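Student: Contents of run.cif (mmCIF, C-alpha atoms) are below:
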data_run
#
loop_
_atom_site.label_atom_id
_atom_site.label_comp_id
_atom_site.auth_asym_id
_atom_site.auth_seq_id
_atom_site.Cartn_x
_atom_site.Cartn_y
_atom_site.Cartn_z
CA MET A 1449 -4.59 -13.14 -36.67
CA ARG A 1450 -3.38 -10.08 -34.82
CA SER A 1451 -1.77 -7.53 -37.16
CA LYS A 1452 1.72 -6.25 -36.50
CA LYS A 1453 1.94 -2.76 -35.06
CA ILE A 1454 3.72 -0.01 -36.97
CA LYS A 1455 6.91 0.87 -35.06
CA VAL A 1456 7.58 4.62 -35.06
CA LEU A 1457 10.65 6.66 -34.10
CA ILE A 1458 10.17 10.39 -33.44
CA VAL A 1459 13.16 12.70 -33.98
CA ASP A 1460 12.55 16.32 -32.92
CA ASP A 1461 14.53 18.68 -30.71
CA SER A 1462 11.32 19.96 -29.07
CA ALA A 1463 10.28 17.95 -26.01
CA VAL A 1464 6.75 19.34 -26.43
CA VAL A 1465 6.53 18.02 -29.99
CA ARG A 1466 7.95 14.63 -29.04
CA GLN A 1467 5.44 14.27 -26.21
CA ALA A 1468 2.45 15.47 -28.27
CA ILE A 1469 3.18 13.16 -31.21
CA SER A 1470 3.94 10.22 -28.91
CA GLN A 1471 0.61 10.62 -27.11
CA THR A 1472 -1.29 10.97 -30.38
CA LEU A 1473 0.22 7.84 -31.91
CA ALA A 1474 0.02 5.79 -28.70
CA ALA A 1475 -3.77 6.24 -28.76
CA ASP A 1476 -3.98 4.22 -32.00
CA PRO A 1477 -3.92 0.44 -31.47
CA GLY A 1478 -2.08 -0.13 -34.75
CA ILE A 1479 0.92 2.04 -33.87
CA GLU A 1480 3.73 1.68 -31.34
CA VAL A 1481 6.17 4.50 -30.58
CA ILE A 1482 9.42 2.65 -29.94
CA ALA A 1483 11.57 5.72 -29.18
CA ALA A 1484 11.81 9.51 -29.30
CA ALA A 1485 15.10 11.34 -29.78
CA ALA A 1486 16.15 14.97 -29.51
CA ASP A 1487 18.45 14.82 -32.54
CA PRO A 1488 19.66 12.41 -35.24
CA LEU A 1489 22.75 11.30 -33.32
CA PHE A 1490 20.62 10.14 -30.40
CA ALA A 1491 18.22 8.59 -32.93
CA MET A 1492 20.96 6.51 -34.55
CA ARG A 1493 21.86 4.99 -31.18
CA LYS A 1494 18.25 4.00 -30.61
CA MET A 1495 18.01 2.56 -34.13
CA GLU A 1496 20.94 0.26 -33.39
CA ALA A 1497 18.71 -1.48 -30.85
CA GLN A 1498 15.50 -1.51 -32.91
CA TRP A 1499 14.85 -0.28 -36.43
CA PRO A 1500 11.57 1.60 -36.95
CA ASP A 1501 8.99 1.07 -39.67
CA VAL A 1502 8.41 4.84 -39.92
CA ILE A 1503 10.45 7.85 -38.80
CA ILE A 1504 8.88 11.23 -37.97
CA LEU A 1505 11.63 13.75 -38.53
CA ASP A 1506 12.11 17.46 -37.87
CA ILE A 1507 14.34 19.42 -40.25
CA GLU A 1508 16.12 22.01 -38.13
CA MET A 1509 17.93 20.34 -35.20
CA PRO A 1510 21.25 20.71 -33.37
CA ARG A 1511 24.38 18.63 -34.14
CA MET A 1512 22.94 17.12 -37.33
CA ASP A 1513 20.10 18.58 -39.41
CA GLY A 1514 17.20 16.44 -40.52
CA LEU A 1515 18.04 16.59 -44.21
CA THR A 1516 21.54 15.20 -43.66
CA PHE A 1517 20.08 12.43 -41.49
CA LEU A 1518 17.43 11.65 -44.11
CA LYS A 1519 20.02 11.29 -46.87
CA LYS A 1520 22.08 8.99 -44.65
CA ILE A 1521 19.06 6.78 -43.95
CA MET A 1522 18.08 6.61 -47.61
CA SER A 1523 21.58 5.65 -48.69
CA GLU A 1524 22.08 2.99 -46.02
CA ARG A 1525 18.66 1.50 -45.28
CA PRO A 1526 15.72 3.22 -47.01
CA THR A 1527 12.92 3.74 -44.48
CA PRO A 1528 9.64 5.68 -44.77
CA VAL A 1529 10.16 9.18 -43.34
CA VAL A 1530 7.43 11.70 -42.54
CA ILE A 1531 8.76 15.26 -42.24
CA CYS A 1532 7.39 17.31 -39.34
CA SER A 1533 8.22 20.84 -40.44
CA SER A 1534 7.41 24.45 -39.72
CA LEU A 1535 5.21 26.43 -42.10
CA ALA A 1536 7.86 29.14 -42.22
CA GLU A 1537 9.40 29.85 -45.62
CA ARG A 1538 12.83 28.60 -44.60
CA GLY A 1539 11.30 25.40 -43.27
CA ALA A 1540 9.27 24.98 -46.44
CA GLU A 1541 12.37 25.16 -48.63
CA ALA A 1542 14.19 22.58 -46.51
CA THR A 1543 11.12 20.36 -46.56
CA MET A 1544 10.96 20.44 -50.36
CA ASN A 1545 14.59 19.30 -50.41
CA ALA A 1546 13.66 16.50 -48.02
CA LEU A 1547 10.81 15.33 -50.26
CA SER A 1548 13.22 15.33 -53.18
CA ALA A 1549 15.63 13.24 -51.10
CA GLY A 1550 13.02 10.55 -50.46
CA ALA A 1551 10.72 11.64 -47.62
CA VAL A 1552 7.21 10.28 -48.06
CA SER A 1553 5.03 13.14 -46.80
CA ILE A 1554 4.75 16.25 -44.62
CA ILE A 1555 3.15 17.13 -41.30
CA THR A 1556 3.14 20.90 -40.81
CA LYS A 1557 3.47 22.58 -37.45
CA PRO A 1558 3.18 26.27 -36.50
CA LYS A 1559 5.84 28.24 -34.65
CA MET A 1560 3.49 28.84 -31.71
CA GLY A 1561 0.88 26.62 -30.06
CA VAL A 1562 2.49 23.44 -31.40
CA LYS A 1563 1.11 21.10 -28.73
CA GLN A 1564 -2.50 22.19 -29.26
CA PHE A 1565 -2.06 22.12 -33.03
CA LEU A 1566 -0.77 18.54 -33.00
CA GLU A 1567 -3.57 17.45 -30.69
CA ASP A 1568 -6.13 19.03 -33.02
CA SER A 1569 -4.43 17.37 -36.02
CA ALA A 1570 -4.23 13.89 -34.45
CA ASN A 1571 -6.10 12.18 -37.31
CA ASP A 1572 -3.78 13.73 -39.89
CA VAL A 1573 -0.71 12.55 -37.99
CA VAL A 1574 -2.05 8.99 -37.71
CA ARG A 1575 -3.01 8.87 -41.39
CA ALA A 1576 0.43 10.15 -42.42
CA VAL A 1577 2.16 7.41 -40.41
CA LYS A 1578 -0.09 4.68 -41.78
CA ALA A 1579 0.37 5.88 -45.35
CA ALA A 1580 4.14 5.97 -44.86
CA ALA A 1581 4.14 2.45 -43.46
CA ARG A 1582 2.66 1.21 -46.73
CA ALA A 1583 5.19 3.00 -48.92
CA ASN A 1584 7.12 0.96 -51.47
CA MET A 1585 10.66 2.02 -50.62
CA ARG A 1586 12.03 0.25 -53.68
CA ARG A 1587 10.52 3.16 -55.58
CA LEU A 1588 11.83 5.97 -53.49
CA GLY A 1589 6.53 -3.87 -48.31
CA PRO A 1590 3.05 -2.85 -48.18
CA ARG A 1591 1.36 -3.08 -44.76
CA THR A 1592 -2.24 -3.61 -43.86
CA ALA A 1593 -2.80 -0.77 -41.40
CA VAL A 1594 -6.23 0.85 -41.68
CA SER A 1595 -6.85 4.54 -41.10
CA THR A 1596 -9.36 5.71 -38.55
CA PRO A 1597 -12.52 6.38 -40.58
CA LEU A 1598 -13.63 10.01 -40.83
CA PRO A 1599 -16.65 11.56 -42.55
CA LYS A 1600 -15.98 11.85 -46.27
CA LEU A 1601 -17.62 14.37 -48.55
CA SER A 1602 -17.79 13.72 -52.28
CA ALA A 1603 -17.11 16.20 -55.06
CA ASP A 1604 -20.84 17.05 -54.97
CA ALA A 1605 -20.00 19.48 -52.16
CA VAL A 1606 -17.98 21.61 -54.58
CA ILE A 1607 -19.13 20.90 -58.14
CA THR A 1608 -22.25 19.15 -59.44
CA SER A 1609 -21.88 16.09 -61.64
CA GLY A 1610 -23.00 15.86 -65.24
CA LEU A 1611 -21.58 16.87 -68.60
CA GLY A 1612 -21.29 20.46 -69.71
CA SER A 1613 -22.97 22.04 -72.70
CA GLY A 1614 -22.72 20.45 -76.10
CA ALA A 1615 -20.24 23.11 -77.17
CA SER A 1616 -17.87 22.21 -74.36
CA MET A 1617 -17.73 18.63 -75.55
CA VAL A 1618 -16.75 19.51 -79.12
CA ARG A 1619 -13.32 18.16 -80.00
CA THR A 1620 -10.75 20.97 -80.11
CA THR A 1621 -7.12 21.15 -81.08
CA ASP A 1622 -6.15 21.77 -77.44
CA CYS A 1623 -5.89 18.83 -75.08
CA VAL A 1624 -5.97 19.24 -71.30
CA VAL A 1625 -4.06 16.77 -69.13
CA ALA A 1626 -5.27 16.44 -65.52
CA ILE A 1627 -2.97 14.69 -63.04
CA GLY A 1628 -3.86 13.63 -59.51
CA THR A 1629 -1.45 12.23 -56.93
CA SER A 1630 -0.68 12.09 -53.23
CA THR A 1631 1.86 10.11 -51.17
CA GLY A 1632 5.04 9.78 -53.23
CA GLY A 1633 3.67 12.22 -55.77
CA THR A 1634 6.34 14.88 -55.47
CA GLN A 1635 8.96 12.49 -56.83
CA ALA A 1636 6.53 11.06 -59.39
CA LEU A 1637 5.59 14.49 -60.73
CA GLU A 1638 9.23 15.49 -60.99
CA SER A 1639 9.91 12.33 -62.99
CA VAL A 1640 7.02 13.01 -65.39
CA LEU A 1641 7.28 16.77 -65.86
CA THR A 1642 11.05 16.88 -66.35
CA ARG A 1643 10.66 14.55 -69.34
CA LEU A 1644 8.22 16.80 -71.19
CA PRO A 1645 9.37 19.15 -73.98
CA PRO A 1646 8.35 22.82 -74.09
CA VAL A 1647 5.57 22.00 -76.56
CA CYS A 1648 3.17 19.68 -74.77
CA PRO A 1649 -0.51 19.81 -73.74
CA GLY A 1650 -1.60 22.15 -70.95
CA ILE A 1651 -1.53 20.36 -67.60
CA VAL A 1652 -3.53 20.84 -64.40
CA ILE A 1653 -2.34 19.06 -61.26
CA VAL A 1654 -3.60 18.25 -57.79
CA GLN A 1655 -0.88 17.04 -55.43
CA HIS A 1656 -2.04 16.58 -51.85
CA MET A 1657 0.21 19.04 -50.02
CA PRO A 1658 -0.24 21.62 -47.24
CA GLU A 1659 -0.51 25.37 -47.79
CA ARG A 1660 2.69 27.27 -48.64
CA PHE A 1661 4.47 24.14 -49.80
CA THR A 1662 2.80 24.03 -53.22
CA ALA A 1663 4.27 27.40 -54.27
CA MET A 1664 7.78 26.27 -53.40
CA PHE A 1665 7.16 22.87 -55.00
CA ALA A 1666 6.05 24.57 -58.21
CA GLU A 1667 9.11 26.83 -58.16
CA ARG A 1668 11.38 23.84 -57.72
CA LEU A 1669 9.79 21.99 -60.63
CA ASN A 1670 9.91 25.10 -62.79
CA SER A 1671 13.68 25.30 -62.24
CA LEU A 1672 14.08 21.67 -63.35
CA CYS A 1673 11.62 21.48 -66.26
CA GLU A 1674 11.58 22.75 -69.82
CA ILE A 1675 7.87 23.53 -69.43
CA ASP A 1676 6.50 26.39 -67.34
CA VAL A 1677 5.37 25.14 -63.92
CA ARG A 1678 3.57 27.43 -61.49
CA GLU A 1679 1.16 27.41 -58.58
CA ALA A 1680 -2.27 28.12 -60.02
CA ARG A 1681 -4.05 31.42 -59.50
CA HIS A 1682 -7.74 31.99 -60.08
CA GLY A 1683 -8.31 32.73 -63.76
CA ASP A 1684 -4.98 31.36 -65.03
CA ARG A 1685 -5.19 30.04 -68.59
CA VAL A 1686 -4.40 26.42 -69.35
CA VAL A 1687 -2.12 26.57 -72.35
CA PRO A 1688 0.35 24.22 -74.05
CA GLY A 1689 3.71 24.05 -72.33
CA ARG A 1690 2.34 25.07 -68.92
CA ALA A 1691 1.54 23.04 -65.81
CA LEU A 1692 -0.63 24.56 -63.07
CA ILE A 1693 -0.48 23.06 -59.57
CA ALA A 1694 -3.45 23.55 -57.23
CA PRO A 1695 -2.52 25.63 -54.17
CA GLY A 1696 -2.51 23.82 -50.85
CA GLY A 1697 -5.71 24.52 -48.94
CA LYS A 1698 -7.73 25.39 -52.09
CA HIS A 1699 -9.70 23.40 -54.64
CA MET A 1700 -8.87 23.83 -58.33
CA LEU A 1701 -11.42 23.35 -61.10
CA LEU A 1702 -11.11 23.49 -64.87
CA ALA A 1703 -13.38 26.02 -66.58
CA ARG A 1704 -14.00 26.88 -70.23
CA SER A 1705 -14.94 30.03 -72.08
CA GLY A 1706 -15.32 29.43 -75.79
CA ALA A 1707 -12.15 27.71 -76.95
CA GLN A 1708 -10.11 28.76 -73.92
CA TYR A 1709 -9.54 26.74 -70.77
CA THR A 1710 -8.88 28.43 -67.45
CA VAL A 1711 -8.78 27.34 -63.83
CA GLU A 1712 -10.88 28.40 -60.88
CA VAL A 1713 -9.19 28.37 -57.47
CA ILE A 1714 -11.80 28.31 -54.73
CA ASP A 1715 -12.43 27.58 -51.07
CA GLY A 1716 -14.67 24.74 -50.03
CA PRO A 1717 -15.01 21.81 -47.67
CA LEU A 1718 -12.58 18.90 -47.50
CA ILE A 1719 -13.44 16.34 -50.19
CA ASN A 1720 -12.28 12.80 -49.48
CA ARG A 1721 -10.52 14.47 -46.51
CA HIS A 1722 -8.50 16.65 -48.89
CA ARG A 1723 -8.38 20.22 -50.12
CA PRO A 1724 -7.35 20.33 -52.93
CA SER A 1725 -9.15 17.21 -54.05
CA VAL A 1726 -8.35 15.19 -57.15
CA ASP A 1727 -12.04 14.24 -57.52
CA VAL A 1728 -13.00 17.92 -57.76
CA LEU A 1729 -10.44 18.59 -60.49
CA PHE A 1730 -11.27 15.43 -62.44
CA ARG A 1731 -15.03 16.07 -62.29
CA SER A 1732 -14.55 19.59 -63.66
CA CYS A 1733 -12.44 18.16 -66.48
CA ALA A 1734 -15.18 15.64 -67.30
CA LYS A 1735 -17.73 18.43 -67.29
CA PHE A 1736 -15.88 21.08 -69.29
CA ALA A 1737 -13.32 19.20 -71.39
CA GLY A 1738 -14.85 15.76 -71.93
CA ARG A 1739 -13.01 13.90 -74.66
CA ASN A 1740 -10.57 16.80 -75.04
CA ALA A 1741 -8.99 15.67 -71.76
CA VAL A 1742 -6.59 13.06 -70.48
CA GLY A 1743 -6.80 11.96 -66.85
CA VAL A 1744 -3.75 10.55 -65.07
CA ILE A 1745 -3.88 9.12 -61.55
CA MET A 1746 -0.61 8.31 -59.84
CA THR A 1747 0.82 7.15 -56.52
CA GLY A 1748 -1.14 7.93 -53.37
CA MET A 1749 -3.01 6.45 -50.44
CA GLY A 1750 -6.81 6.35 -50.37
CA ASP A 1751 -9.33 6.74 -53.17
CA ASP A 1752 -9.40 10.45 -53.98
CA GLY A 1753 -9.65 10.79 -57.75
CA ALA A 1754 -11.06 7.35 -58.51
CA ARG A 1755 -14.67 8.48 -58.97
CA GLY A 1756 -13.62 11.66 -60.78
CA LEU A 1757 -11.48 9.65 -63.20
CA LYS A 1758 -14.49 7.38 -63.87
CA GLU A 1759 -16.50 10.48 -64.78
CA MET A 1760 -13.74 11.58 -67.14
CA HIS A 1761 -13.67 8.10 -68.68
CA ASP A 1762 -17.43 8.11 -69.16
CA ALA A 1763 -17.22 11.58 -70.76
CA GLY A 1764 -14.85 10.25 -73.41
CA ALA A 1765 -11.51 11.27 -71.95
CA SER A 1766 -8.46 9.01 -72.18
CA THR A 1767 -7.47 7.77 -68.74
CA VAL A 1768 -4.18 6.43 -67.39
CA ALA A 1769 -3.15 4.92 -64.05
CA GLU A 1770 0.37 4.44 -62.75
CA ASP A 1771 1.12 0.74 -62.28
CA GLU A 1772 1.80 -0.92 -58.94
CA SER A 1773 5.46 -1.62 -59.62
CA SER A 1774 6.35 2.07 -59.88
CA CYS A 1775 3.99 3.48 -57.22
CA VAL A 1776 5.21 4.45 -53.78
CA VAL A 1777 1.67 3.68 -52.55
CA PHE A 1778 -0.65 1.82 -54.94
CA GLY A 1779 -3.86 3.16 -53.40
CA MET A 1780 -5.43 5.80 -55.62
CA PRO A 1781 -4.57 4.03 -58.92
CA LYS A 1782 -5.82 0.71 -57.55
CA GLU A 1783 -9.19 2.18 -56.58
CA ALA A 1784 -9.58 3.82 -59.99
CA ILE A 1785 -8.77 0.55 -61.76
CA LYS A 1786 -11.33 -1.29 -59.59
CA LEU A 1787 -14.01 1.22 -60.65
CA GLY A 1788 -13.33 0.61 -64.34
CA ALA A 1789 -12.11 4.19 -64.72
CA VAL A 1790 -8.79 3.39 -66.41
CA ASP A 1791 -8.04 2.78 -70.09
CA THR A 1792 -4.32 2.16 -69.71
CA VAL A 1793 -2.05 1.15 -66.82
CA LEU A 1794 1.55 2.29 -67.28
CA PRO A 1795 4.79 2.43 -65.31
CA LEU A 1796 5.85 5.93 -64.34
CA ASP A 1797 8.55 6.24 -67.00
CA ARG A 1798 6.00 5.66 -69.80
CA ILE A 1799 3.48 8.26 -68.66
CA PRO A 1800 5.27 11.26 -70.28
CA ALA A 1801 5.04 9.58 -73.69
CA ALA A 1802 1.34 8.94 -73.15
CA ILE A 1803 0.81 12.63 -72.41
CA LEU A 1804 2.66 13.64 -75.57
CA ARG A 1805 0.66 11.18 -77.70
CA ALA A 1806 -2.56 12.64 -76.32
CA GLY A 1807 -1.47 16.11 -77.35
CA LYS A 1808 -0.97 14.97 -80.95
CA SER A 1809 -4.18 12.96 -81.30
#
Show me this structure written as structure tokens.
Tutor:
Amino acid sequence: MRSKKIKVLIVDDSAVVRQAISQTLAADPGIEVIAAAADPLFAMRKMEAQWPDVIILDIEMPRMDGLTFLKKIMSERPTPVVICSSLAERGAEATMNALSAGAVSIITKPKMGVKQFLEDSANDVVRAVKAAARANMRRLGPRTAVSTPLPKLSADAVITSGLGSGASMVRTTDCVVAIGTSTGGTQALESVLTRLPPVCPGIVIVQHMPERFTAMFAERLNSLCEIDVREARHGDRVVPGRALIAPGGKHMLLARSGAQYTVEVIDGPLINRHRPSVDVLFRSCAKFAGRNAVGVIMTGMGDDGARGLKEMHDAGASTVAEDESSCVVFGMPKEAIKLGAVDTVLPLDRIPAAILRAGKS
């Protein structure tokens, strides 16, 4: 049976961007661009004729800004929205507000050379649309679109597998919680971290997100949470009451010196098409924390983190997956469950309590 195409509406005041994205998406047989509009008011007229499955939305536009339009859509008829935003600081701040308001993910664009950039990033644009089309908007139905396969490197390209020294596996009083998430993860992380008290285990996080956005995301969470939330820097200590978020465009690994845990922030190839990669973080936790760790895998498309969580599980760590009912996209948790990497499957609102229990055990 022929699968239904994903209907996409593009809303951007740049004709160059509209044309470049339209051409990129039209080349994929599973996607149909049903309209392109220069601003939200034009978009609303087009949506009266045909409602899209996914909206690609710019933030800064004339007559009505993208954030106002997004909030209107989410209040009236929740629809997966992919933000197409500038890397500039002002654009990054607006984009973080859009993610908080219910946008599914981000496509970044530079100020100059946009057309060439979007052509070079065609696979990323297609994957973002297909991930959005599968989003569970009751949490912010699933679709069966399949991403164009690309070469995938494993965590071997960054960190070798295997347990660390015997000393590193000794049970300590400090527990490390490693969290991995992707599509829908900004909202999920906000839900989890805002429920944690100042005294909780040290947390290391990989959220698939472009460069520059992770710093602003961390700042936003820090303003909302009782715990200290920051973008990780190389050598930062992992201590109770602190959450470190891997910078966009860098891998983050857990390291250990004696009784102290720190993080390493490094360059490296894309792993599972991502940098930072959840698998890289989880493998380092298996290697250097072992049973002193808790691994949590939450909403996201694909399978990044599944194999790393299995390594944590096999090293004696407690492992948790977010359940399907609360996920925006039940991809990463599903793959981890299939591998036998998960001890406990929990809805999002019960994950904070699981983290606190781990810190006391």
Student: Considering only C-alpha atoms, state which residue in the set A:Asn1740, A:Thr1767, A:Ser1773, A:Thr1662 is at the smallest distance from Pro1649 of chain A.
Tutor: A:Asn1740
Student: How would you write, as an MDAnalysis selection string, the residues chosen by the PyMOL selection byres ((chain A and resi 1706-1712) around 12) on this structure?
Tutor: chainID A and resid 1606:1607 1613:1626 1649:1653 1679:1688 1690:1695 1698:1705 1713:1715 1724 1728:1729 1732:1733 1736:1737 1740:1741
Student: For the point (12.1, 19.3, -39.9) in the file's frame, write as a list of chain:residue names all residues with an atom no more than 10 Å away, counting only C-alpha atoms.
Tutor: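 The residues near that point, listed by chain and number, are A:Val1459, A:Asp1460, A:Asp1461, A:Ile1504, A:Leu1505, A:Asp1506, A:Ile1507, A:Glu1508, A:Met1509, A:Asp1513, A:Gly1514, A:Leu1515, A:Val1530, A:Ile1531, A:Cys1532, A:Ser1533, A:Ser1534, A:Gly1539, A:Ala1540, A:Ala1542, A:Thr1543, A:Ala1546, A:Ile1554, A:Ile1555, A:Thr1556, A:Lys1557.
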Student: I'd like to know which of A:Asp1476, A:Glu1541, A:Glu1772, A:Asp1568 is closest to Ala1663 of chain A, using all atoms listed in the file.
Tutor: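 Among A:Asp1476, A:Glu1541, A:Glu1772, A:Asp1568, it is A:Glu1541 that comes nearest to Ala1663 of chain A.
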Student: Using all atoms listed in the file, pick whichever of A:Arg1723, A:Arg1582, A:Arg1466, A:Arg1511 has the shortest atom-to-atom distance to Pro1488 of chain A.
Tutor: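 Nearest candidate to Pro1488 of chain A out of A:Arg1723, A:Arg1582, A:Arg1466, A:Arg1511: A:Arg1511.
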Student: Could you check which of A:Thr1516, A:Gln1564, A:Thr1792, A:Gln1655 is closest to His1722 of chain A, using all atoms listed in the file?
Tutor: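 Counting all atoms listed in the file, the residue closest to His1722 of chain A is A:Gln1655.
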Student: Which residues match the PyMOL selection byres ((chain A and resi 1489) around 10) in the file above, as a PyMOL selection string?
Tutor: chain A and resi 1459+1485-1488+1490-1495+1510-1513+1517
Student: Evaluate the PyMOL selection byres ((chain A and resi 1742-1758) around 8) here and jot the selected residues down as number ranges by chain.
Tutor: A: 1579, 1623-1633, 1636, 1720, 1725-1731, 1734, 1739-1741, 1759-1762, 1765-1770, 1775-1781, 1783-1785, 1787-1790, 1803, 1806
Student: Have a look at atom CA of Ser1553 of chain A and atom CA of Pro1528 of chain A and let me know their distance in Å, one decimal.
Tutor: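 Answer for the atom CA of Ser1553 of chain A to atom CA of Pro1528 of chain A separation: 9.0 Å.
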Student: Please indicate the distance in Å from atom CA of Gln1635 of chain A to atom CA of Ser1548 of chain A, rounded to one decimal place.
Tutor: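 About the pair atom CA of Gln1635 of chain A and atom CA of Ser1548 of chain A: they are 6.3 Å apart.
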Student: Go ahead and compute the interatomic distance for atom CA of Cys1673 of chain A and atom CA of Arg1643 of chain A, in Å to one decimal.
Tutor: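 Distance between the two atoms: 7.6 Å.
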Student: If we count only C-alpha atoms and set the cut-off at 7 Å, which residues sit around Pro1658 of chain A, ignoring sequence neighbours fewer than 3 positions away in its own chain? Please answer as a list of chain:residue names.
Tutor: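 After dropping sequence-adjacent residues, the list is A:Phe1661, A:Gly1696, A:Gly1697.
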Student: For a quick check of understanding, using only C-alpha atoms, which of A:Glu1480, A:Glu1667, A:Asp1501, A:Glu1496 has the smallest distance to Pro1526 of chain A?
Tutor: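 Once distances to Pro1526 of chain A are computed over only C-alpha atoms, the minimum belongs to A:Asp1501.
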Student: Which residue out of A:Lys1735, A:Gly1550, A:Ala1763, A:Asn1545 has the minimum interatomic distance to Arg1668 of chain A when all atoms listed in the file are used?
Tutor: A:Asn1545
